[in-house]
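Read the structure below first, then the notes.
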Amino acid sequence: MPDQTATRREGNLDAPTRHPLAWREDAFWNPGALDAELERVFNICHGCRRCVSLCHAFPTLFDLIDESETMEIDGVAKSDYGKVVEQCYLCDLCYQTKCPYVPPHPWNVDFPHLMLRAKAVGFRKHGAGFGSKVLSSTTTVGRIASIPVVAETVNALNRSKPARKLLDKTLHVHPDARVPEYRHPRGRKRLRQWNGQGEAQAAGRTRGRIAIFATCYCDANLPSVLEDLAAVFAHNGIAVKPIGREVCCGMPKLELGDLDSIGKYKNENIPVLAKAARDGFDLTAAIPSCVLMFKQELPLLFPDDADVQLVRRAFFDPFEYLMERHKAGLLKTDFRNPLGKVAWHVACHQRVQNIGPKTRDVLSLIPETEITTIERCSGHDGTYGVRTDTYPLARKIAKPVETRIRQSESVTLASDCPMAGAHLAHGLDDQPAQTHPLTLLRRAYGI
């Protein structure tokens, strides 16, 4: 392992950068090359251990090393490397908030994308189980499960203990995990009522015209948040329209390492989104993971695709967009209703966008509103928080966050990631209940 003290003396004051994922090169898929890179990075992590509290991947790695005969990485069987990989849910926090050895540091550590590479190699070799394939096919599942009558049936079954035991056996969803309810009509249909509303005045990086990517989750499970997003933007003079045709952003498939499916989704989504951007619209979505997919992951997977890069530049987090308008004096502050004490959990995939706490900044403008900011992972992270094998670990990761929420004595729990919020609310027995920040903002406006 390189001498850490000497490397620290050299200094690394440049801003972190991210290298594209070279998944089109043969070396990316070479198992021997992969094992060598895993050993190199794991050895660096072993000498540092700053990320031990972030998730279960790092304790798994350090336990493997500490329990080996040599107590070094050379004592760990390469066949056990997969135990670390399967605990990484690609939250990206280690890269963005903890690791001192990220590029341009000469050690070039990108732990999340190394885990993604390992997942991709494993997926290409072994595929994924039936349950993982179904859970990650969010567009298909959402379209079927949100059909009238079907939605009511699915929701009833998800509340039934015998049905949940069957779900455990077939899809490996833990019987105690909270799963979302399905709604109809779907969210994209509800967005149509807002089409064209707003005045479209440019400000800063924003053009005052926004096209909303509905997302699988909001479309099928939480359409009310799409209405709240559209209503808030229209209230602030921003012209709103829905994206006419879309499929999953690809984040659930990223978690599996199914890069080919991500490419197929990209080929459907990007032309539509790029056209909207060329037509003068900025882009947004109410789910941080979807925003991150278009802002970061797709551009790193397809660095030479001009349309992907165009979409990256046009995509905003909703509250990032609103704060950009506020800087120009265009955000309305005619709030009618205070929110009281709000515990705001910072979603990992929002935090790593490097935009700052924009949700907190906007909500703090509301009179008689007190925001407690909690920057720690909820443990949900896609399917990790519902799968039978990882649900107990997800609950353990959530405990410190839930403790902090209780200590805040807040009347409302808010997270820009509704899945993380639901996971935390479940552990708190809905005391306090979860409400999306966009819903809170609309409530404050009284619109």
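FYI, nothing fancy with the structure tokens labels: chains A, B, ... in order, residues from 1 per chain, ligands from 1 as they appear.
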
Just want the 12 Å neighbourhood of Thr140 in chain A, counted on only C-alpha atoms, with same-chain residues fewer than 3 positions away dropped. Output as a PDB file with C-alpha atoms, in the first residue's frame.
ATOM      1  CA  LYS A 133     -35.789  -8.517 -11.675  1.00  0.00           C
ATOM      2  CA  VAL A 134     -39.397  -7.782 -10.718  1.00  0.00           C
ATOM      3  CA  LEU A 135     -38.568  -5.186  -8.051  1.00  0.00           C
ATOM      4  CA  SER A 136     -36.272  -3.314 -10.438  1.00  0.00           C
ATOM      5  CA  SER A 137     -38.806  -3.295 -13.288  1.00  0.00           C
ATOM      6  CA  ARG A 143     -48.305   0.417 -14.998  1.00  0.00           C
ATOM      7  CA  ILE A 144     -49.938  -2.888 -14.103  1.00  0.00           C
ATOM      8  CA  ALA A 145     -50.392  -2.298 -10.380  1.00  0.00           C
ATOM      9  CA  SER A 146     -51.962   1.168 -10.808  1.00  0.00           C
ATOM     10  CA  ILE A 147     -54.768  -0.085 -13.059  1.00  0.00           C
ATOM     11  CA  CYS A 216     -42.073   5.631 -11.828  1.00  0.00           C
ATOM     12  CA  TYR A 217     -42.683   6.141  -8.120  1.00  0.00           C
ATOM     13  CA  ASP A 219     -46.511   8.171 -11.393  1.00  0.00           C
ATOM     14  CA  ALA A 220     -47.825   4.986  -9.794  1.00  0.00           C
ATOM     15  CA  GLU A 246     -41.035   8.340 -20.387  1.00  0.00           C
ATOM     16  CA  VAL A 247     -39.814   5.080 -18.869  1.00  0.00           C
ATOM     17  CA  CYS A 248     -37.779   4.367 -15.743  1.00  0.00           C
TER      18      CYS A 248
END

Within 12 Å of range 152-157 of chain A, counting only C-alpha atoms, which residues qualify if same-chain residues fewer than 4 places away don't, as a list in words?
-> Val141, Gly142, Ile144, Ala145, Ser146, Ile147, Pro148, Lys161, Pro162, Ala163, Arg164, Lys165, Leu166, Leu167, Pro175, Arg178, Val179, Pro180, Glu181, Tyr182, Arg183, His184 and Asn221 of chain A

Could you dump the residues just selected with N, CA and C atoms as a PDB file, in the first residue's frame?
ATOM      1  N   VAL A 141     -44.129  -2.778 -13.518  1.00  0.00           N
ATOM      2  CA  VAL A 141     -44.907  -3.077 -12.309  1.00  0.00           C
ATOM      3  C   VAL A 141     -45.872  -1.940 -12.010  1.00  0.00           C
ATOM      4  N   GLY A 142     -45.396  -0.702 -12.118  1.00  0.00           N
ATOM      5  CA  GLY A 142     -46.256   0.445 -11.818  1.00  0.00           C
ATOM      6  C   GLY A 142     -47.436   0.562 -12.755  1.00  0.00           C
ATOM      7  N   ILE A 144     -48.966  -1.820 -14.366  1.00  0.00           N
ATOM      8  CA  ILE A 144     -49.938  -2.888 -14.103  1.00  0.00           C
ATOM      9  C   ILE A 144     -50.638  -2.668 -12.769  1.00  0.00           C
ATOM     10  N   ALA A 145     -49.839  -2.378 -11.729  1.00  0.00           N
ATOM     11  CA  ALA A 145     -50.392  -2.298 -10.380  1.00  0.00           C
ATOM     12  C   ALA A 145     -51.251  -1.070 -10.145  1.00  0.00           C
ATOM     13  N   SER A 146     -51.150  -0.039 -11.003  1.00  0.00           N
ATOM     14  CA  SER A 146     -51.962   1.168 -10.808  1.00  0.00           C
ATOM     15  C   SER A 146     -53.237   1.154 -11.646  1.00  0.00           C
ATOM     16  N   ILE A 147     -53.509   0.050 -12.328  1.00  0.00           N
ATOM     17  CA  ILE A 147     -54.768  -0.085 -13.059  1.00  0.00           C
ATOM     18  C   ILE A 147     -55.918  -0.144 -12.056  1.00  0.00           C
ATOM     19  N   PRO A 148     -57.039   0.552 -12.306  1.00  0.00           N
ATOM     20  CA  PRO A 148     -58.184   0.451 -11.400  1.00  0.00           C
ATOM     21  C   PRO A 148     -58.558  -1.001 -11.137  1.00  0.00           C
ATOM     22  N   LYS A 161     -51.239 -10.451   6.010  1.00  0.00           N
ATOM     23  CA  LYS A 161     -50.093 -11.220   6.501  1.00  0.00           C
ATOM     24  C   LYS A 161     -49.841 -12.488   5.681  1.00  0.00           C
ATOM     25  N   PRO A 162     -50.877 -13.270   5.338  1.00  0.00           N
ATOM     26  CA  PRO A 162     -50.621 -14.450   4.493  1.00  0.00           C
ATOM     27  C   PRO A 162     -50.037 -14.077   3.131  1.00  0.00           C
ATOM     28  N   ALA A 163     -50.545 -12.987   2.546  1.00  0.00           N
ATOM     29  CA  ALA A 163     -50.029 -12.559   1.244  1.00  0.00           C
ATOM     30  C   ALA A 163     -48.584 -12.079   1.362  1.00  0.00           C
ATOM     31  N   ARG A 164     -48.248 -11.418   2.468  1.00  0.00           N
ATOM     32  CA  ARG A 164     -46.879 -10.948   2.654  1.00  0.00           C
ATOM     33  C   ARG A 164     -45.911 -12.111   2.852  1.00  0.00           C
ATOM     34  N   LYS A 165     -46.381 -13.177   3.469  1.00  0.00           N
ATOM     35  CA  LYS A 165     -45.527 -14.364   3.594  1.00  0.00           C
ATOM     36  C   LYS A 165     -45.251 -14.968   2.217  1.00  0.00           C
ATOM     37  N   LEU A 166     -46.273 -14.957   1.364  1.00  0.00           N
ATOM     38  CA  LEU A 166     -46.098 -15.452  -0.001  1.00  0.00           C
ATOM     39  C   LEU A 166     -45.153 -14.540  -0.778  1.00  0.00           C
ATOM     40  N   LEU A 167     -45.280 -13.226  -0.558  1.00  0.00           N
ATOM     41  CA  LEU A 167     -44.398 -12.265  -1.213  1.00  0.00           C
ATOM     42  C   LEU A 167     -42.955 -12.475  -0.770  1.00  0.00           C
ATOM     43  N   PRO A 175     -41.575  -9.567   5.230  1.00  0.00           N
ATOM     44  CA  PRO A 175     -42.980  -9.391   5.643  1.00  0.00           C
ATOM     45  C   PRO A 175     -43.233  -8.122   6.446  1.00  0.00           C
ATOM     46  N   ARG A 178     -42.283  -1.928   4.952  1.00  0.00           N
ATOM     47  CA  ARG A 178     -43.377  -1.113   4.430  1.00  0.00           C
ATOM     48  C   ARG A 178     -43.220  -0.970   2.926  1.00  0.00           C
ATOM     49  N   VAL A 179     -44.257  -1.350   2.200  1.00  0.00           N
ATOM     50  CA  VAL A 179     -44.231  -1.231   0.742  1.00  0.00           C
ATOM     51  C   VAL A 179     -45.246  -0.165   0.329  1.00  0.00           C
ATOM     52  N   PRO A 180     -44.993   0.542  -0.769  1.00  0.00           N
ATOM     53  CA  PRO A 180     -45.872   1.656  -1.157  1.00  0.00           C
ATOM     54  C   PRO A 180     -47.216   1.181  -1.697  1.00  0.00           C
ATOM     55  N   GLU A 181     -48.237   2.007  -1.500  1.00  0.00           N
ATOM     56  CA  GLU A 181     -49.537   1.742  -2.110  1.00  0.00           C
ATOM     57  C   GLU A 181     -49.545   2.270  -3.535  1.00  0.00           C
ATOM     58  N   TYR A 182     -50.375   1.669  -4.364  1.00  0.00           N
ATOM     59  CA  TYR A 182     -50.494   2.096  -5.759  1.00  0.00           C
ATOM     60  C   TYR A 182     -51.755   2.939  -5.940  1.00  0.00           C
ATOM     61  N   ARG A 183     -51.653   3.936  -6.788  1.00  0.00           N
ATOM     62  CA  ARG A 183     -52.739   4.902  -7.006  1.00  0.00           C
ATOM     63  C   ARG A 183     -53.161   4.913  -8.467  1.00  0.00           C
ATOM     64  N   HIS A 184     -54.371   5.374  -8.711  1.00  0.00           N
ATOM     65  CA  HIS A 184     -54.842   5.610 -10.082  1.00  0.00           C
ATOM     66  C   HIS A 184     -55.834   6.759 -10.035  1.00  0.00           C
ATOM     67  N   ASN A 221     -47.311   5.606  -7.490  1.00  0.00           N
ATOM     68  CA  ASN A 221     -47.500   5.508  -6.044  1.00  0.00           C
ATOM     69  C   ASN A 221     -47.811   6.827  -5.351  1.00  0.00           C
TER      70      ASN A 221
END

Where does DSSP see strand (DSSP E or B) in range 38-242 of chain A, if you list the residues as a list in words?
-> Val173, Gln197, Ala203, Thr206, Arg209, Ile210, Ala211, Ile212, Ala239, Val240, Lys241 and Pro242 of chain A

Based on the selection just made, write C-alpha atoms of those residues as a compact mmCIF listing (two decimals), in the first residue's frame.
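The resulting file, again.txt, is shown below:
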# COMPACT_ATOMS: atom_id res chain seq x y z
CA VAL A 173 -39.70 -8.91 0.23
CA GLN A 197 -49.48 27.31 -16.90
CA ALA A 203 -33.68 34.08 -14.03
CA THR A 206 -33.31 28.97 -15.11
CA ARG A 209 -40.14 26.93 -18.28
CA ILE A 210 -40.01 23.47 -16.73
CA ALA A 211 -40.76 20.00 -18.06
CA ILE A 212 -41.48 17.47 -15.32
CA ALA A 239 -44.45 27.55 -17.11
CA VAL A 240 -45.08 23.85 -16.45
CA LYS A 241 -45.55 20.89 -18.74
CA PRO A 242 -45.27 17.11 -18.32

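Among A:Val109, A:Ala177, A:Leu413, A:Leu21, the residue with the shortest atom-to-atom distance to Gln296 in chain A, counting only C-alpha atoms, is A:Leu21.
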
What is the CA of Val291 in chain A-CA of Thr138 in chain A distance in Å, reported with one decimal?
->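 So the answer is 16.1 Å.
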
All residues 9 Å or closer to Ile371 in chain A, only C-alpha atoms, same chain fewer than 5 positions away omitted, as a PyMOL selection string = chain A and resi 340-344+360+363-364+410

Contacts of Val346 in chain A at 7 Å (only C-alpha atoms; same-chain gap of 5+ positions) as number ranges by chain | A: 351, 374-375, 415

Written file, previous selection with C-alpha atoms, as a compact mmCIF listing (two decimals), in the first residue's frame:
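Saved the output as selection_7.txt:
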# COMPACT_ATOMS: atom_id res chain seq x y z
CA ARG A 351 -27.03 15.30 -0.82
CA ILE A 374 -30.58 15.33 9.60
CA GLU A 375 -27.73 14.31 7.29
CA SER A 415 -37.62 13.76 3.09

Could you give me, as JSON lines, a per-residue list for range 187-262 of chain A showing, wherever an atom lies at most 10 Å from an atom of range 379-394 of chain A, the closest pair of atoms and their distance in Å to one decimal, using only C-alpha atoms and sorting by chain then residue number from low to high?
{"residue": "A:Met251", "atom": "CA", "partner": "A:Gly382", "partner_atom": "CA", "distance": 8.7}
{"residue": "A:Pro252", "atom": "CA", "partner": "A:Gly382", "partner_atom": "CA", "distance": 6.9}
{"residue": "A:Glu255", "atom": "CA", "partner": "A:Gly382", "partner_atom": "CA", "distance": 8.0}
{"residue": "A:Leu256", "atom": "CA", "partner": "A:Thr383", "partner_atom": "CA", "distance": 9.9}

Would you mind writing down, as a ChimeraX atom specification, each residue of range 62-288 of chain A that DSSP on the backbone assigns to alpha helix (DSSP H)?
-> /A:62-66,81-85,93,111-126,130-135,138-145,150-158,161-171,187-191,216-220,223-235,251-256,259-278,288

Nearest residue to His326 in chain A from the set A:Pro357, A:Pro112, A:Pro338, A:Gly204 (distances using only C-alpha atoms) |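 For His326 in chain A, the nearest of the candidates is A:Gly204.
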
Report the distance between CA of Gly32 in chain A and CA of Leu114 in chain A in Å, rounded to one decimal place.
->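 Those two atoms sit 13.8 Å apart.
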
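Ranking A:Val150, A:Ala57, A:Leu254, A:Leu441 by their shortest atom-to-atom distance to Phe319 in chain A, with only C-alpha atoms included, puts A:Leu441 first.
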
Kindly provide the residues of range 91-119 of chain A that approach range 297-311 of chain A to within 12 Å, each paired with its closest atom pair and their distance in Å to one decimal, based on only C-alpha atoms, listed by chain and increasing number, as a Markdown table.
| residue | atom | partner | partner_atom | distance |
| --- | --- | --- | --- | --- |
| A:Cys91 | CA | A:Glu297 | CA | 11.8 |
| A:Asp92 | CA | A:Glu297 | CA | 10.7 |
| A:Pro112 | CA | A:Glu297 | CA | 11.2 |
| A:His113 | CA | A:Glu297 | CA | 9.7 |
| A:Leu116 | CA | A:Glu297 | CA | 10.9 |
| A:Arg117 | CA | A:Leu301 | CA | 11.3 |

Could those selected residues go to a file with N, CA and C atoms, as a PDB file, in the first residue's frame?
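selection03.pdb was written with the following content:
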ATOM      1  N   CYS A  91     -25.218   4.639  -2.686  1.00  0.00           N
ATOM      2  CA  CYS A  91     -25.706   5.936  -2.201  1.00  0.00           C
ATOM      3  C   CYS A  91     -24.756   7.063  -2.594  1.00  0.00           C
ATOM      4  N   ASP A  92     -23.473   6.732  -2.813  1.00  0.00           N
ATOM      5  CA  ASP A  92     -22.455   7.677  -3.267  1.00  0.00           C
ATOM      6  C   ASP A  92     -21.891   8.560  -2.161  1.00  0.00           C
ATOM      7  N   PRO A 112     -17.913   3.724  -4.977  1.00  0.00           N
ATOM      8  CA  PRO A 112     -19.233   3.355  -5.520  1.00  0.00           C
ATOM      9  C   PRO A 112     -19.170   2.806  -6.936  1.00  0.00           C
ATOM     10  N   HIS A 113     -18.361   3.414  -7.783  1.00  0.00           N
ATOM     11  CA  HIS A 113     -18.315   2.931  -9.166  1.00  0.00           C
ATOM     12  C   HIS A 113     -17.503   1.644  -9.305  1.00  0.00           C
ATOM     13  N   LEU A 116     -20.165  -0.733  -8.481  1.00  0.00           N
ATOM     14  CA  LEU A 116     -21.029  -0.859  -9.659  1.00  0.00           C
ATOM     15  C   LEU A 116     -20.385  -1.768 -10.700  1.00  0.00           C
ATOM     16  N   ARG A 117     -19.090  -1.616 -10.895  1.00  0.00           N
ATOM     17  CA  ARG A 117     -18.386  -2.484 -11.840  1.00  0.00           C
ATOM     18  C   ARG A 117     -18.503  -3.948 -11.406  1.00  0.00           C
TER      19      ARG A 117
END

Suppose you want the space between CA of Lys98 in chain A and CA of Thr17 in chain A; what is it in Å?
->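 One can read the CA of Lys98 in chain A to CA of Thr17 in chain A distance as 14.2 Å.
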
Distance criterion (only C-alpha atoms): nearest to Glu86 in chain A out of A:Gly257, A:Ala200, A:His46, A:Glu409 |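 Nearest to Glu86 in chain A: A:Gly257.
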
9 Å contact set for Asp110 in chain A, only C-alpha atoms, chain neighbours under 3 positions out, as a list of chain:residue names |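 Returned residues: A:Arg18, A:His19, A:Val41, A:Cys94, A:Tyr95, A:Cys99, A:Tyr101, A:Val102, A:Pro103, A:His113, A:Leu114, A:Met115.
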
Would you save the residues of that selection, restricted to N, CA and C atoms, as a PDB file, in the first residue's frame?
ATOM      1  N   ARG A  18     -14.878  13.268 -11.381  1.00  0.00           N
ATOM      2  CA  ARG A  18     -15.396  11.909 -11.557  1.00  0.00           C
ATOM      3  C   ARG A  18     -15.062  11.444 -12.952  1.00  0.00           C
ATOM      4  N   HIS A  19     -14.409  10.291 -13.052  1.00  0.00           N
ATOM      5  CA  HIS A  19     -14.060   9.752 -14.352  1.00  0.00           C
ATOM      6  C   HIS A  19     -15.235   8.959 -14.926  1.00  0.00           C
ATOM      7  N   VAL A  41      -8.222  -1.094  -3.806  1.00  0.00           N
ATOM      8  CA  VAL A  41      -9.081  -0.111  -3.145  1.00  0.00           C
ATOM      9  C   VAL A  41      -9.441  -0.565  -1.736  1.00  0.00           C
ATOM     10  N   CYS A  94     -19.858   7.902   0.332  1.00  0.00           N
ATOM     11  CA  CYS A  94     -18.436   7.747   0.642  1.00  0.00           C
ATOM     12  C   CYS A  94     -17.602   8.584  -0.316  1.00  0.00           C
ATOM     13  N   TYR A  95     -17.964   8.580  -1.593  1.00  0.00           N
ATOM     14  CA  TYR A  95     -17.211   9.359  -2.580  1.00  0.00           C
ATOM     15  C   TYR A  95     -17.375  10.856  -2.334  1.00  0.00           C
ATOM     16  N   CYS A  99     -14.401  10.303   1.487  1.00  0.00           N
ATOM     17  CA  CYS A  99     -13.125   9.767   1.008  1.00  0.00           C
ATOM     18  C   CYS A  99     -12.134  10.873   0.634  1.00  0.00           C
ATOM     19  N   TYR A 101      -9.365  10.296  -0.950  1.00  0.00           N
ATOM     20  CA  TYR A 101      -8.520   9.748  -2.003  1.00  0.00           C
ATOM     21  C   TYR A 101      -9.221   9.672  -3.356  1.00  0.00           C
ATOM     22  N   VAL A 102     -10.270  10.459  -3.515  1.00  0.00           N
ATOM     23  CA  VAL A 102     -10.982  10.475  -4.788  1.00  0.00           C
ATOM     24  C   VAL A 102     -10.174  11.255  -5.816  1.00  0.00           C
ATOM     25  N   PRO A 103     -10.420  11.034  -7.108  1.00  0.00           N
ATOM     26  CA  PRO A 103      -9.720  11.809  -8.141  1.00  0.00           C
ATOM     27  C   PRO A 103      -9.959  13.313  -7.930  1.00  0.00           C
ATOM     28  N   HIS A 113     -18.361   3.414  -7.783  1.00  0.00           N
ATOM     29  CA  HIS A 113     -18.315   2.931  -9.166  1.00  0.00           C
ATOM     30  C   HIS A 113     -17.503   1.644  -9.305  1.00  0.00           C
ATOM     31  N   LEU A 114     -16.606   1.385  -8.358  1.00  0.00           N
ATOM     32  CA  LEU A 114     -15.966   0.069  -8.325  1.00  0.00           C
ATOM     33  C   LEU A 114     -16.987  -0.994  -7.924  1.00  0.00           C
ATOM     34  N   MET A 115     -17.842  -0.661  -6.965  1.00  0.00           N
ATOM     35  CA  MET A 115     -18.911  -1.595  -6.587  1.00  0.00           C
ATOM     36  C   MET A 115     -19.878  -1.811  -7.756  1.00  0.00           C
TER      37      MET A 115
END

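Remark: for Leu322 in chain A, the closest of the candidate residues A:Phe123, A:Tyr89, A:Phe281, A:Phe233 is A:Phe233 (distances computed over only C-alpha atoms).
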